[in-house]
Amino acid sequence: KFSLRAALADAPAEVRGFLERQEAEEAEHQECFERLTGVKAREREDLPKMPTQWNACAVRLLGYEALGYEFAKLAIAETSGEVRAMLEEILRDEMEHVRFYEEELRKILTADNGRARETRIMAEAFLRRLPKTVERYLRGTDLGEFLESILAGVQGRFRGLGL
């Protein structure tokens with residue numbers, strides 16, 4: 001949610017509407033999660049730093065959304081009832097978001113404007129940091145055994161785009 005808000009400042013006009021809708025969906029999911037679980041999400045004081053170029057934002061947002069998708073898949077397998085229904089909705093939304101960023105990156109990679117090479121470099125950098133990011137999310141949980149499948153899922157999204 002906070003990465004989306006930070007990315008809005010430099011996003012192209014044609015994607016701002018999607019980012020605003022996605023931010024609203026994320027806020028709605030957070031409220032539902034808090035209501036069902038009784039766990040309050042930690043609110044940030046400051047927005048995270050996001051790159052100013054759209055291609056860099058799209059790389060990062062695809063990565064974040066693909067991670068969200070992989071984690072939601074894991075969580076669904078372990079839940080039932082209202083929480084499972086909420087996670088199924090989140091999973092559908094995450095898939096829509098992943099597809100959007102994949103399409104945005106396809107546009108960037110096929111446009112003849114010099115951004116393709118730059119985008120590939122940014123994606124490589126993101127993928128190099130990904131294992132440490134996932135390890136940080138899994139620290140202190142019983143989910144360490146899923147590290148490789150989570151990484152493979154996210155990396156597969158990037159590889160599917162030729163990144």
# chains A, B, ... in the order shown; residues from 1 in each chain; ligands from 1
call {"tool": "closest_atom_pairs", "arguments": {"of": "segment 67-157 of chain A", "to": "segment 51-63 of chain A", "cutoff": "8 Å", "atoms": "only C-alpha atoms", "output": "tab-separated table"}}
result
residue	atom	partner	partner_atom	distance
A:Leu67	CA	A:Gly63	CA	6.1
A:His97	CA	A:Leu62	CA	7.8
A:Val98	CA	A:Leu62	CA	5.8
A:Tyr101	CA	A:Leu62	CA	5.3
A:Glu102	CA	A:Leu62	CA	6.8
A:Glu104	CA	A:Ala58	CA	7.0
A:Leu105	CA	A:Ala58	CA	6.6
A:Ile108	CA	A:Asn55	CA	6.9
A:Arg115	CA	A:Asn55	CA	7.5
A:Thr119	CA	A:Asn55	CA	6.0
A:Met122	CA	A:Ala56	CA	6.3
A:Ala123	CA	A:Val59	CA	6.0
A:Phe126	CA	A:Arg60	CA	7.1
A:Val154	CA	A:Gly63	CA	6.6
call {"tool": "residues_around", "arguments": {"residues": "segment 78-93 of chain A", "least_positions_apart": "5", "cutoff": "9 Å", "atoms": "only C-alpha atoms", "output": "list in words"}}
result
Gln22, Glu25, Glu26, His29, Cys32, Phe33, Leu36, Thr37, Gly68, Tyr69, Glu70, Ala72, Lys73 and Val98 of chain A
call {"tool": "atom_distance", "arguments": {"atom1": "atom CA of Thr110 of chain A", "atom2": "atom CA of Ala11 of chain A"}}
result
18.6 Å
call {"tool": "closest_residue", "arguments": {"among": "A:Leu147, A:Glu135, A:Ala66, A:Arg5", "to": "Ala27 of chain A", "atoms": "only C-alpha atoms"}}
result
A:Arg5
call {"tool": "closest_residue", "arguments": {"among": "A:Glu118, A:Glu103, A:Glu23, A:Glu14", "to": "Arg157 of chain A", "atoms": "only C-alpha atoms"}}
result
A:Glu103
call {"tool": "select_by_dssp", "arguments": {"residues": "segment 9-69 of chain A", "states": "alpha helix (DSSP H)", "output": "ChimeraX atom specification"}}
result
/A:13-37,54-69
call {"tool": "atom_distance", "arguments": {"atom1": "atom CA of Arg128 of chain A", "atom2": "atom CA of Gln30 of chain A"}}
result
28.8 Å
call {"tool": "closest_residue", "arguments": {"among": "A:Arg136, A:Ala125, A:Glu28, A:Arg21", "to": "Glu96 of chain A", "atoms": "only C-alpha atoms"}}
result
A:Arg21
